[in-house]
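**Q** Following this line is structure_15.cif, made up of mmCIF, C-alpha atoms:
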```cif
data_structure
#
loop_
_atom_site.label_atom_id
_atom_site.label_comp_id
_atom_site.auth_asym_id
_atom_site.auth_seq_id
_atom_site.Cartn_x
_atom_site.Cartn_y
_atom_site.Cartn_z
CA MET U 1 -35.68 15.39 -8.43
CA ASN U 2 -35.72 18.37 -10.75
CA PRO U 3 -33.75 21.41 -9.54
CA ILE U 4 -35.68 24.33 -8.06
CA ILE U 5 -35.10 27.47 -10.13
CA PRO U 6 -35.73 30.67 -8.13
CA PHE U 7 -36.80 34.09 -9.42
CA SER U 8 -34.73 37.26 -9.08
CA PRO U 9 -35.01 40.90 -10.18
CA HIS U 10 -32.03 40.33 -12.50
CA PHE U 11 -33.10 37.08 -14.19
CA ASP U 12 -36.51 35.53 -14.67
CA GLN U 13 -36.86 31.79 -14.33
CA SER U 14 -36.51 31.02 -18.04
CA THR U 15 -33.34 33.11 -18.32
CA LEU U 16 -31.90 31.57 -15.19
CA GLY U 17 -32.71 28.13 -16.57
CA LYS U 18 -30.80 28.95 -19.75
CA LEU U 19 -27.84 30.14 -17.69
CA ILE U 20 -27.82 26.86 -15.84
CA ASP U 21 -27.98 24.90 -19.08
CA ALA U 22 -25.09 26.93 -20.54
CA ASP U 23 -22.79 26.62 -17.54
CA PRO U 24 -19.90 24.25 -18.54
CA VAL U 25 -19.52 22.83 -15.03
CA VAL U 26 -23.24 22.09 -14.86
CA GLN U 27 -23.12 20.48 -18.29
CA ARG U 28 -20.24 18.21 -17.29
CA TYR U 29 -21.89 16.96 -14.14
CA ARG U 30 -25.33 16.73 -15.72
CA GLN U 31 -23.87 14.21 -18.16
CA LEU U 32 -22.43 12.30 -15.20
CA PHE U 33 -25.66 12.30 -13.20
CA THR U 34 -27.74 11.03 -16.13
CA LEU U 35 -25.88 7.71 -15.83
CA PHE U 36 -27.77 6.93 -12.61
CA ASP U 37 -31.37 6.32 -11.59
CA TRP U 38 -32.04 8.68 -8.69
CA SER U 39 -35.74 7.90 -8.26
CA ALA U 40 -35.21 5.43 -5.42
CA LEU U 41 -33.19 7.88 -3.30
CA ASP U 42 -35.69 10.71 -2.84
CA PRO U 43 -39.03 10.08 -1.09
CA VAL U 44 -42.31 11.32 -2.51
CA ALA U 45 -42.73 15.03 -1.78
CA THR U 46 -45.18 15.73 1.05
CA THR U 47 -46.53 18.95 2.45
CA GLY U 48 -46.20 19.85 6.09
CA PRO U 49 -44.97 22.47 8.54
CA GLY U 50 -41.37 23.58 8.49
CA ARG U 51 -38.76 23.95 5.79
CA PRO U 52 -38.17 20.79 3.71
CA ALA U 53 -34.74 19.21 4.12
CA HIS U 54 -32.29 18.85 1.30
CA PRO U 55 -32.89 15.57 -0.59
CA LEU U 56 -30.48 12.66 -0.17
CA SER U 57 -29.64 12.76 -3.87
CA ALA U 58 -28.33 16.33 -3.53
CA TYR U 59 -25.79 15.27 -0.91
CA ILE U 60 -24.67 12.24 -2.95
CA LYS U 61 -24.32 14.34 -6.10
CA ALA U 62 -22.32 16.89 -4.12
CA LEU U 63 -20.10 14.06 -2.84
CA LEU U 64 -19.44 12.97 -6.43
CA VAL U 65 -18.49 16.58 -7.20
CA ARG U 66 -16.06 16.49 -4.29
CA ILE U 67 -14.40 13.39 -5.74
CA GLY U 68 -14.42 14.63 -9.32
CA GLU U 69 -12.85 17.97 -8.42
CA HIS U 70 -10.23 16.40 -6.11
CA LEU U 71 -11.47 18.39 -3.11
CA SER U 72 -9.75 16.53 -0.31
CA SER U 73 -11.10 18.51 2.66
CA THR U 74 -14.65 19.53 3.57
CA PRO U 75 -13.84 23.30 3.75
CA ARG U 76 -12.50 23.16 0.18
CA TRP U 77 -15.56 21.15 -0.84
CA ARG U 78 -17.95 23.77 0.54
CA ALA U 79 -15.90 26.63 -0.91
CA TYR U 80 -16.17 25.08 -4.37
CA LEU U 81 -19.95 24.83 -4.06
CA LEU U 82 -20.15 28.47 -2.96
CA ASP U 83 -18.15 29.47 -6.04
CA HIS U 84 -20.62 27.65 -8.33
CA PRO U 85 -24.16 28.69 -7.31
CA LEU U 86 -25.70 27.38 -10.54
CA LEU U 87 -24.20 23.97 -9.82
CA VAL U 88 -25.77 24.09 -6.35
CA LEU U 89 -29.19 24.41 -8.01
CA GLU U 90 -28.40 21.58 -10.43
CA LEU U 91 -27.43 19.30 -7.53
CA GLY U 92 -30.93 19.65 -6.13
CA PHE U 93 -30.32 21.64 -2.94
CA ARG U 94 -33.39 23.59 -1.87
CA PRO U 95 -32.44 27.25 -2.32
CA HIS U 96 -32.74 29.77 0.48
CA LEU U 97 -34.68 32.44 -1.42
CA ASP U 98 -33.44 36.03 -1.30
CA LEU U 99 -34.63 38.48 -3.95
CA GLY U 100 -31.71 40.77 -3.19
CA MET U 101 -29.23 38.25 -4.62
CA ALA U 102 -28.34 38.02 -8.30
CA TYR U 103 -29.73 34.50 -8.75
CA GLY U 104 -32.63 34.93 -6.35
CA PHE U 105 -31.21 32.82 -3.50
CA ARG U 106 -28.50 33.07 -0.88
CA VAL U 107 -25.94 30.38 -1.67
CA GLU U 108 -24.18 30.71 1.71
CA SER U 109 -27.42 29.78 3.46
CA THR U 110 -28.31 27.06 0.96
CA VAL U 111 -25.08 25.07 1.18
CA PRO U 112 -24.77 23.42 4.60
CA CYS U 113 -21.91 24.46 6.86
CA VAL U 114 -18.68 22.47 7.12
CA ARG U 115 -19.72 20.80 10.36
CA HIS U 116 -23.06 19.69 8.92
CA LEU U 117 -21.42 18.39 5.75
CA ASN U 118 -19.05 16.30 7.88
CA THR U 119 -22.04 14.97 9.82
CA VAL U 120 -23.88 14.12 6.61
CA LEU U 121 -20.80 12.35 5.24
CA ARG U 122 -20.48 10.30 8.41
CA HIS U 123 -24.16 9.26 8.45
CA LEU U 124 -24.76 9.00 4.71
CA ASP U 125 -26.70 5.90 3.69
CA GLY U 126 -24.07 3.37 2.64
CA GLN U 127 -26.69 1.18 0.94
CA ALA U 128 -27.68 4.06 -1.31
CA LEU U 129 -24.07 4.54 -2.44
CA SER U 130 -23.62 0.79 -2.93
CA GLY U 131 -26.78 0.79 -5.03
CA LEU U 132 -25.30 3.43 -7.34
CA LEU U 133 -22.11 1.37 -7.68
CA THR U 134 -24.20 -1.69 -8.60
CA GLN U 135 -26.07 0.39 -11.17
CA THR U 136 -22.79 1.21 -12.90
CA VAL U 137 -21.81 -2.47 -12.94
CA HIS U 138 -25.11 -3.46 -14.56
CA ALA U 139 -24.83 -0.68 -17.11
CA LEU U 140 -21.26 -1.68 -17.94
CA GLN U 141 -22.33 -5.31 -18.36
CA SER U 142 -24.79 -4.23 -21.03
CA GLU U 143 -22.01 -2.35 -22.85
CA ILE U 144 -19.06 -4.74 -22.43
CA PRO U 145 -19.48 -8.39 -23.47
CA GLY U 146 -17.93 -10.91 -21.09
CA LEU U 147 -17.43 -8.46 -18.23
CA GLY U 148 -17.00 -10.29 -14.92
CA GLU U 149 -15.95 -13.69 -16.25
CA VAL U 150 -12.59 -13.08 -14.56
CA VAL U 151 -12.51 -11.02 -11.35
CA ALA U 152 -9.34 -9.85 -9.61
CA TYR U 153 -9.04 -9.04 -5.89
CA ASP U 154 -6.64 -6.79 -4.00
CA VAL U 155 -6.42 -4.50 -0.97
CA LYS U 156 -5.28 -0.86 -1.06
CA HIS U 157 -3.71 0.67 2.04
CA ILE U 158 -5.14 3.95 3.36
CA TYR U 159 -3.34 6.29 5.75
CA ALA U 160 -5.48 7.58 8.61
CA ASN U 161 -5.45 11.34 9.13
CA VAL U 162 -3.52 11.15 12.40
CA LYS U 163 -0.22 12.56 13.60
CA GLU U 164 1.16 9.07 14.19
CA ASN U 165 1.49 8.70 10.40
CA ASN U 166 3.49 11.92 10.12
CA PRO U 167 7.24 11.13 10.33
CA ARG U 168 7.98 14.80 11.04
CA VAL U 169 6.20 14.58 14.38
CA HIS U 170 8.51 13.16 17.04
CA MET U 171 6.74 10.40 18.96
CA LYS U 172 7.74 7.42 21.03
CA ASP U 173 6.20 4.08 20.10
CA ARG U 174 4.06 5.68 17.40
CA PHE U 175 2.93 2.27 16.12
CA CYS U 176 2.09 0.69 19.47
CA LYS U 177 -1.35 -0.88 19.02
CA GLU U 178 -2.26 -0.22 22.66
CA ARG U 179 -1.96 3.55 22.08
CA GLN U 180 -4.96 4.39 19.92
CA PRO U 181 -4.58 7.74 18.09
CA THR U 182 -6.92 10.38 19.43
CA GLY U 183 -7.48 11.81 15.94
CA ASP U 184 -9.25 8.68 14.64
CA PRO U 185 -10.83 6.16 17.03
CA ASP U 186 -11.54 3.63 14.25
CA CYS U 187 -8.18 3.27 12.50
CA ARG U 188 -5.86 0.37 13.35
CA VAL U 189 -2.15 -0.28 12.95
CA GLY U 190 -0.93 -2.85 10.46
CA VAL U 191 2.04 -3.85 8.31
CA LYS U 192 2.15 -2.14 4.92
CA ARG U 193 5.34 -3.76 3.64
CA SER U 194 7.80 -6.38 4.89
CA THR U 195 11.27 -6.82 3.37
CA ASN U 196 14.41 -8.77 4.19
CA GLN U 197 17.62 -6.77 4.43
CA THR U 198 21.08 -8.28 4.37
CA GLN U 199 23.15 -7.39 7.42
CA PRO U 200 26.99 -6.88 7.42
CA ASP U 201 27.47 -10.34 8.89
CA GLY U 202 25.49 -11.88 6.02
CA SER U 203 22.36 -12.61 8.03
CA LYS U 204 18.86 -11.56 7.00
CA LYS U 205 16.78 -9.13 9.03
CA GLU U 206 13.07 -8.58 8.43
CA ILE U 207 12.15 -4.90 8.15
CA LYS U 208 8.47 -3.99 8.50
CA GLU U 209 6.79 -0.72 7.53
CA TYR U 210 3.77 0.10 9.69
CA LEU U 211 0.91 2.56 9.36
CA TRP U 212 -2.29 3.53 11.11
CA GLY U 213 -5.23 3.36 8.76
CA TYR U 214 -7.59 1.20 6.75
CA GLY U 215 -7.56 -1.31 3.93
CA SER U 216 -9.85 -0.89 0.93
CA GLY U 217 -10.61 -4.26 -0.61
CA VAL U 218 -11.59 -4.08 -4.26
CA ALA U 219 -12.86 -6.56 -6.83
CA ALA U 220 -12.08 -5.49 -10.39
CA ALA U 221 -12.45 -6.79 -13.92
CA THR U 222 -10.99 -5.77 -17.25
CA VAL U 223 -11.85 -6.32 -20.91
CA ALA U 224 -9.39 -5.47 -23.65
CA GLY U 225 -10.27 -2.22 -25.37
CA TYR U 226 -12.61 -1.01 -22.64
CA GLY U 227 -10.38 -0.72 -19.58
CA ASP U 228 -10.90 -1.57 -15.93
CA VAL U 229 -14.11 -1.72 -13.90
CA VAL U 230 -14.80 -1.91 -10.16
CA ILE U 231 -17.15 -4.79 -9.38
CA ALA U 232 -17.30 -4.50 -5.57
CA GLU U 233 -15.50 -2.82 -2.68
CA ARG U 234 -15.20 -3.07 1.11
CA THR U 235 -13.23 -1.07 3.66
CA LEU U 236 -11.92 -2.50 6.94
CA PRO U 237 -9.38 -1.41 9.58
CA PHE U 238 -5.80 -2.05 8.50
CA ASN U 239 -5.11 -4.73 11.10
CA GLU U 240 -7.34 -7.14 9.16
CA ALA U 241 -5.52 -9.58 6.88
CA ASP U 242 -5.98 -9.17 3.13
CA VAL U 243 -7.74 -12.50 2.80
CA THR U 244 -10.37 -11.34 5.33
CA HIS U 245 -11.76 -9.11 2.58
CA TYR U 246 -12.19 -11.95 0.11
CA LEU U 247 -15.41 -13.78 0.96
CA PRO U 248 -17.52 -10.62 1.54
CA LEU U 249 -16.06 -9.13 -1.65
CA PHE U 250 -16.79 -12.32 -3.58
CA LEU U 251 -20.41 -12.33 -2.41
CA ARG U 252 -20.80 -8.67 -3.35
CA SER U 253 -19.28 -9.44 -6.74
CA VAL U 254 -21.83 -12.19 -7.33
CA LEU U 255 -24.69 -9.86 -6.35
CA ALA U 256 -23.40 -7.03 -8.53
CA LEU U 257 -22.80 -9.24 -11.57
CA ASP U 258 -25.88 -11.41 -10.99
CA GLN U 259 -23.64 -14.37 -11.83
CA PHE U 260 -20.64 -16.25 -10.48
CA PRO U 261 -17.21 -15.37 -11.89
CA ILE U 262 -15.67 -18.21 -13.85
CA HIS U 263 -12.12 -17.48 -12.71
CA ILE U 264 -10.63 -15.35 -9.94
CA THR U 265 -7.11 -14.04 -9.45
CA ALA U 266 -5.19 -12.35 -6.64
CA ASP U 267 -1.73 -12.10 -5.16
CA ALA U 268 -0.11 -14.59 -2.79
CA ALA U 269 -1.77 -13.05 0.28
CA PHE U 270 -5.02 -14.71 -0.87
CA ASP U 271 -3.52 -18.21 -1.14
CA PHE U 272 -5.96 -20.08 1.14
CA TRP U 273 -8.01 -23.16 0.32
CA TYR U 274 -11.39 -21.48 0.82
CA VAL U 275 -10.52 -18.86 -1.82
CA TYR U 276 -10.07 -21.61 -4.42
CA GLU U 277 -13.22 -23.29 -3.12
CA THR U 278 -15.37 -20.46 -4.55
CA VAL U 279 -14.45 -21.40 -8.14
CA ALA U 280 -13.45 -25.08 -7.89
CA HIS U 281 -17.07 -26.28 -8.13
CA ARG U 282 -17.71 -24.43 -11.44
CA GLN U 283 -14.73 -25.59 -13.53
CA GLY U 284 -12.88 -22.31 -12.99
CA ILE U 285 -9.47 -21.73 -11.48
CA GLY U 286 -8.02 -19.45 -8.85
CA ALA U 287 -4.91 -17.93 -10.44
CA ILE U 288 -2.99 -17.24 -7.23
CA PRO U 289 0.72 -17.85 -6.58
CA LEU U 290 1.43 -20.62 -4.10
CA ASN U 291 2.32 -19.31 -0.65
CA SER U 292 3.89 -21.83 1.72
CA HIS U 293 2.94 -19.69 4.76
CA GLY U 294 6.20 -20.73 6.43
CA HIS U 295 5.71 -24.47 5.95
CA GLU U 296 8.01 -26.77 4.05
CA GLU U 297 7.03 -27.71 0.50
CA VAL U 298 5.79 -31.29 0.23
CA PRO U 299 6.25 -33.07 -3.12
CA LEU U 300 3.03 -34.60 -4.45
CA ASP U 301 2.26 -37.36 -6.90
CA PRO U 302 -0.19 -36.66 -9.76
CA ASP U 303 -3.03 -38.15 -7.68
CA GLY U 304 -2.21 -35.84 -4.76
CA THR U 305 -0.47 -38.38 -2.54
CA PRO U 306 2.40 -36.71 -0.63
CA ARG U 307 5.92 -38.05 -0.41
CA CYS U 308 7.99 -38.03 2.75
CA SER U 309 11.44 -36.51 3.22
CA ALA U 310 12.92 -39.76 1.89
CA VAL U 311 10.81 -39.29 -1.27
CA LEU U 312 8.71 -42.36 -0.46
CA ARG U 313 5.03 -42.47 -1.31
CA MET U 314 3.14 -42.09 1.99
CA HIS U 315 0.34 -44.37 3.14
CA PRO U 316 -3.25 -43.01 3.66
CA THR U 317 -4.78 -43.93 7.01
CA TYR U 318 -8.00 -42.12 7.94
CA GLN U 319 -10.04 -38.97 7.23
CA PHE U 320 -11.06 -36.39 9.80
CA ALA U 321 -12.46 -32.88 10.24
CA HIS U 322 -9.55 -30.46 10.39
CA THR U 323 -9.64 -27.60 12.90
CA ASN U 324 -9.34 -25.15 9.99
CA GLY U 325 -12.74 -26.20 8.70
CA TYR U 326 -12.00 -28.68 5.93
CA ARG U 327 -12.10 -32.44 5.47
CA ALA U 328 -8.58 -33.88 5.64
CA GLN U 329 -6.80 -37.14 4.88
CA ARG U 330 -3.96 -38.25 7.15
CA PHE U 331 -0.91 -39.90 5.57
CA ARG U 332 1.67 -41.81 7.61
CA CYS U 333 5.19 -43.12 7.09
CA PRO U 334 5.19 -45.99 4.53
CA LEU U 335 7.93 -47.74 6.52
CA LEU U 336 5.63 -48.03 9.55
CA PHE U 337 2.13 -48.19 8.02
CA PRO U 338 0.16 -50.26 7.34
CA ALA U 339 2.87 -52.54 8.80
CA HIS U 340 6.47 -52.17 9.91
CA THR U 341 8.69 -53.07 6.96
CA GLY U 342 11.87 -53.43 8.99
CA GLN U 343 13.60 -50.67 7.03
CA SER U 344 15.01 -47.63 8.83
CA CYS U 345 15.13 -43.90 8.13
CA ALA U 346 17.31 -41.11 9.50
CA HIS U 347 14.39 -38.71 9.97
CA GLU U 348 13.96 -37.58 13.58
CA GLN U 349 10.27 -38.53 13.63
CA PHE U 350 11.12 -42.07 12.55
CA LEU U 351 13.65 -42.32 15.35
CA LYS U 352 10.86 -41.39 17.78
CA GLY U 353 8.79 -44.25 16.46
CA LYS U 354 6.09 -42.08 14.86
CA GLY U 355 7.36 -41.46 11.37
CA CYS U 356 6.34 -38.60 9.11
CA VAL U 357 2.73 -37.43 9.29
CA LYS U 358 1.09 -35.33 6.55
CA ASP U 359 -2.49 -34.05 6.48
CA ARG U 360 -3.87 -33.28 3.03
CA ASN U 361 -6.91 -31.09 2.38
CA LEU U 362 -9.60 -33.12 0.60
CA GLU U 363 -11.88 -30.21 -0.34
CA LYS U 364 -11.98 -29.24 -4.01
CA GLY U 365 -10.46 -25.87 -3.17
CA GLY U 366 -7.68 -27.47 -1.17
CA LEU U 367 -6.89 -29.92 -3.96
CA MET U 368 -6.87 -27.13 -6.54
CA ARG U 369 -4.46 -25.10 -4.44
CA LEU U 370 -1.96 -27.98 -4.34
CA MET U 371 -2.49 -29.53 -7.78
CA LEU U 372 -3.01 -26.43 -9.96
CA ASP U 373 -0.59 -26.16 -12.88
CA ARG U 374 0.82 -22.68 -12.35
CA HIS U 375 2.83 -22.85 -15.58
CA SER U 376 -0.15 -23.45 -17.86
CA PRO U 377 -1.29 -20.84 -20.45
CA LEU U 378 -4.70 -20.63 -18.72
CA PHE U 379 -3.11 -19.76 -15.38
CA HIS U 380 -0.98 -17.01 -16.92
CA ALA U 381 -3.89 -15.65 -18.97
CA VAL U 382 -6.03 -15.32 -15.83
CA TYR U 383 -3.23 -14.16 -13.55
CA ASP U 384 -2.26 -11.36 -15.96
CA GLN U 385 -5.66 -9.79 -15.32
CA ARG U 386 -4.71 -9.23 -11.68
CA THR U 387 -3.10 -5.96 -12.80
CA SER U 388 -6.61 -4.52 -13.27
CA CYS U 389 -6.71 -4.04 -9.48
CA GLU U 390 -3.41 -2.20 -9.58
CA ARG U 391 -4.72 0.16 -12.26
CA ILE U 392 -7.93 0.72 -10.28
CA ASN U 393 -5.84 1.47 -7.18
CA SER U 394 -3.79 3.94 -9.21
CA GLN U 395 -6.95 5.74 -10.34
CA ALA U 396 -8.29 5.73 -6.79
CA LYS U 397 -5.01 7.16 -5.52
CA ASP U 398 -5.35 10.01 -8.02
CA PHE U 399 -8.77 10.75 -6.50
CA GLY U 400 -7.24 10.88 -3.01
CA ILE U 401 -8.12 7.49 -1.55
CA GLU U 402 -4.70 7.00 0.02
CA ARG U 403 -4.83 9.99 2.40
CA PRO U 404 -8.45 10.97 3.06
CA LYS U 405 -9.22 14.02 5.16
CA ALA U 406 -11.60 12.13 7.42
CA ARG U 407 -11.30 10.96 11.00
CA ASN U 408 -13.67 8.00 11.27
CA MET U 409 -14.27 4.79 9.38
CA ARG U 410 -17.81 5.62 8.28
CA SER U 411 -16.67 8.75 6.47
CA VAL U 412 -13.70 6.93 4.93
CA ARG U 413 -16.04 4.22 3.66
CA ARG U 414 -18.39 6.75 2.06
CA LEU U 415 -15.50 8.54 0.37
CA ASN U 416 -14.10 5.25 -0.93
CA THR U 417 -17.44 4.15 -2.39
CA ALA U 418 -17.86 7.55 -4.07
CA ILE U 419 -14.38 7.21 -5.59
CA TYR U 420 -15.22 3.80 -7.06
CA ILE U 421 -18.55 5.11 -8.37
CA THR U 422 -16.68 7.91 -10.13
CA ILE U 423 -14.19 5.45 -11.65
CA ASN U 424 -17.02 3.28 -12.96
CA ALA U 425 -18.96 6.28 -14.26
CA LYS U 426 -15.96 7.34 -16.33
CA ALA U 427 -15.56 3.75 -17.55
CA LEU U 428 -19.23 3.69 -18.56
CA GLN U 429 -18.92 6.94 -20.50
CA ARG U 430 -15.81 5.58 -22.21
CA ALA U 431 -17.51 2.26 -23.08
CA ARG U 432 -20.54 3.98 -24.58
CA ALA U 433 -18.31 6.27 -26.62
CA ILE U 434 -16.36 3.27 -27.93
CA ASN U 435 -19.52 1.37 -28.85
CA ALA U 436 -20.99 4.45 -30.52
CA SER U 437 -17.86 4.88 -32.63
CA LEU U 438 -18.05 1.22 -33.68
CA LEU U 439 -21.68 1.53 -34.77
CA THR U 440 -21.44 4.91 -36.51
CA PRO U 441 -19.78 3.65 -39.76
CA LEU U 442 -22.37 0.87 -40.04
CA ARG U 443 -25.21 3.32 -39.63
CA GLY U 444 -23.72 5.48 -42.38
CA LEU U 445 -23.52 2.50 -44.76
CA VAL U 446 -27.09 1.49 -44.03
CA ALA U 447 -28.32 5.02 -44.64
#
```
Go ahead and express the file in the form of structure tokens.

**A**
Amino acid sequence: MNPIIPFSPHFDQSTLGKLIDADPVVQRYRQLFTLFDWSALDPVATTGPGRPAHPLSAYIKALLVRIGEHLSSTPRWRAYLLDHPLLVLELGFRPHLDLGMAYGFRVESTVPCVRHLNTVLRHLDGQALSGLLTQTVHALQSEIPGLGEVVAYDVKHIYANVKENNPRVHMKDRFCKERQPTGDPDCRVGVKRSTNQTQPDGSKKEIKEYLWGYGSGVAAATVAGYGDVVIAERTLPFNEADVTHYLPLFLRSVLALDQFPIHITADAAFDFWYVYETVAHRQGIGAIPLNSHGHEEVPLDPDGTPRCSAVLRMHPTYQFAHTNGYRAQRFRCPLLFPAHTGQSCAHEQFLKGKGCVKDRNLEKGGLMRLMLDRHSPLFHAVYDQRTSCERINSQAKDFGIERPKARNMRSVRRLNTAIYITINAKALQRARAINASLLTPLRGLVA
């Protein structure tokens, strides 16, 4: 909606409008806001008793200002708005008229209080924010050819705003999952990093770094010359595994792009058969390092038949539905099946009379996971694009995603979505500037 320009004894409406247009802060954010279609957010104006509420678009625009100005806390956010009354009008807040004020309205009464801003942030329509993020993806697709053919996935850790994450506060069992922090009822404890340290006796000891917080799953894409773009995002408590983010993120990526990605890439935490399954049916690949998940590596023949510990080609017996949700083929010891050959083997399972047993995933995703050539040029070309997520996470960290000043998951989710919208908006401005610079010389020659 168009901003409401009040009247004051010092400035008439036309003069005040010129002041708004000349304000550098207003100009900067006006250019940002023109990237979006706000018509769907504000209902049709109706008349009725009582003072009309501030429109939803005003709160979302103010949230984008909070992200853009790196205002981590709500008091700082409100203080910034109070210091820029002309920006408050540009955002679309309904002014509290007061002819005694220089601009004809009382900005302290117009801008909601800190408590109300926190409430609005917590209950802000997540679908409206997601719609703005999708708008940026569609606009970037029209500017960047081939965007979304390769999509990378990753999860960024987020520290909850609780004392348990502060190492300066002495606490006992600070990362005990049964002791939920009182400062944030939604955060969960999880492992941020796990490393093996060599002990004096030469043994290895696993050291884990814990935190209370959330995980922000992100799907990103990159095109040379244009930079990195956020395709989709999703925030969950930190106790959820990284791969839990994948399928919802993949579906959101498809909806945002209005097409299926040809290839996907991620780190070894996403090495599960159903991740590969999403691209195996469309002649794409999942460029993901192989993760044994604690199991021994089984050598395979080119047709996918496993070999036993004695390097003998195993015998297929029957197919069955695996408890992990895929169709599997069981292979048995070739010395015992289909008939006993009379030969012996030193393996402990052979001595028990059973022989080695291997179950191979028969789904296309499962076969791709095992048979994919991870030394091929295609694999490396796709896997190299995984760093787009790392660069997006670095930008998001600069906007304060790692340590949000919020104490519930709903608010953290709204802040995260606003951060990704801001990243995409900057990418869209950059892409349009690049395309304009490419077309300008041609226009000059034609003229």

**Q** When the PyMOL selection byres ((chain U and resi 55) around 9) is applied to the structure above, which residues does it catch, written out as an MDAnalysis selection string?

**A** chainID U and resid 1 41:43 52:54 56:59 92:94

**Q** With only C-alpha atoms as the atoms that count, which of U:Ala79, U:Lys204, U:Val189, U:Gly227 lies nearest to Asn239 in chain U?

**A** U:Val189

**Q** Report as a tab-separated table: every residue of range 338-446 of chain U with an atom at most 10 Å from range 143-146 of chain U, its closest pair of atoms, and their distance in Å to one decimal, counting all atoms listed in the file, with rows sorted by chain and ascending residue number.

**A**
```
residue	atom	partner	partner_atom	distance
U:Leu428	CA	U:Glu143	CA	7.9
U:Ala431	CA	U:Glu143	CA	6.4
U:Arg432	CA	U:Glu143	CA	6.7
U:Ile434	CA	U:Glu143	CA	9.5
U:Asn435	CA	U:Glu143	CA	7.5
```

**Q** Which residue is closest to Gly365 in chain U? Choose from U:Asn165, U:Ser437, U:Thr278, U:Thr110 and count only C-alpha atoms.

**A**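 Of U:Asn165, U:Ser437, U:Thr278, U:Thr110, the one nearest Gly365 in chain U, counting only C-alpha atoms, is U:Thr278.
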
**Q** Starting from the displayed file, determine the output of the PyMOL selection byres ((chain U and resi 257) around 8) and express the residue list as a PyMOL selection string.

**A** chain U and resi 137-138+141+148+231+253-256+258-260

**Q** Could you list the residues chosen by the PyMOL selection byres ((chain U and resi 246) around 12) in this structure as an mmCIF file with C-alpha atoms, in the coordinates of the input?

**A**
```cif
data_model
loop_
_atom_site.group_PDB
_atom_site.id
_atom_site.type_symbol
_atom_site.label_atom_id
_atom_site.label_comp_id
_atom_site.auth_asym_id
_atom_site.auth_seq_id
_atom_site.Cartn_x
_atom_site.Cartn_y
_atom_site.Cartn_z
ATOM 1 C CA VAL U 151 -12.510 -11.020 -11.350
ATOM 2 C CA ALA U 152 -9.340 -9.850 -9.610
ATOM 3 C CA TYR U 153 -9.040 -9.040 -5.890
ATOM 4 C CA ASP U 154 -6.640 -6.790 -4.000
ATOM 5 C CA VAL U 155 -6.420 -4.500 -0.970
ATOM 6 C CA SER U 216 -9.850 -0.890 0.930
ATOM 7 C CA GLY U 217 -10.610 -4.260 -0.610
ATOM 8 C CA VAL U 218 -11.590 -4.080 -4.260
ATOM 9 C CA ALA U 219 -12.860 -6.560 -6.830
ATOM 10 C CA ALA U 232 -17.300 -4.500 -5.570
ATOM 11 C CA GLU U 233 -15.500 -2.820 -2.680
ATOM 12 C CA ARG U 234 -15.200 -3.070 1.110
ATOM 13 C CA THR U 235 -13.230 -1.070 3.660
ATOM 14 C CA LEU U 236 -11.920 -2.500 6.940
ATOM 15 C CA GLU U 240 -7.340 -7.140 9.160
ATOM 16 C CA ALA U 241 -5.520 -9.580 6.880
ATOM 17 C CA ASP U 242 -5.980 -9.170 3.130
ATOM 18 C CA VAL U 243 -7.740 -12.500 2.800
ATOM 19 C CA THR U 244 -10.370 -11.340 5.330
ATOM 20 C CA HIS U 245 -11.760 -9.110 2.580
ATOM 21 C CA LEU U 247 -15.410 -13.780 0.960
ATOM 22 C CA PRO U 248 -17.520 -10.620 1.540
ATOM 23 C CA LEU U 249 -16.060 -9.130 -1.650
ATOM 24 C CA PHE U 250 -16.790 -12.320 -3.580
ATOM 25 C CA LEU U 251 -20.410 -12.330 -2.410
ATOM 26 C CA ARG U 252 -20.800 -8.670 -3.350
ATOM 27 C CA SER U 253 -19.280 -9.440 -6.740
ATOM 28 C CA ILE U 264 -10.630 -15.350 -9.940
ATOM 29 C CA THR U 265 -7.110 -14.040 -9.450
ATOM 30 C CA ALA U 266 -5.190 -12.350 -6.640
ATOM 31 C CA ASP U 267 -1.730 -12.100 -5.160
ATOM 32 C CA ALA U 269 -1.770 -13.050 0.280
ATOM 33 C CA PHE U 270 -5.020 -14.710 -0.870
ATOM 34 C CA ASP U 271 -3.520 -18.210 -1.140
ATOM 35 C CA PHE U 272 -5.960 -20.080 1.140
ATOM 36 C CA TRP U 273 -8.010 -23.160 0.320
ATOM 37 C CA TYR U 274 -11.390 -21.480 0.820
ATOM 38 C CA VAL U 275 -10.520 -18.860 -1.820
ATOM 39 C CA TYR U 276 -10.070 -21.610 -4.420
ATOM 40 C CA GLU U 277 -13.220 -23.290 -3.120
ATOM 41 C CA THR U 278 -15.370 -20.460 -4.550
#
```

**Q** So the first atom is CA of Val65 in chain U and the second is CA of Asn393 in chain U; what is the distance between them in Å, to one decimal place?

**A**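 So the two atoms, CA of Val65 in chain U and CA of Asn393 in chain U, lie 19.7 Å apart.
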
**Q** Can you sort out the box for range 291-297 of chain U, edges along x, y and z, all listed atoms in, 5 Å on every side, with centre and edge lengths in Å to one decimal, as lines of an AutoDock Vina configuration file?

**A**
```
center_x = 5.2
center_y = -23.5
center_z = 2.9
size_x = 15.7
size_y = 18.4
size_z = 17.1
```

**Q** Suppose you want the space between CA of Gln283 in chain U and CA of Phe379 in chain U; what is it in Å?

**A**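 Separation between CA of Gln283 in chain U and CA of Phe379 in chain U: 13.1 Å.
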
**Q** Using Å and a single decimal, report how far CA of Leu63 in chain U sits from CA of Arg51 in chain U.

**A** 22.8 Å
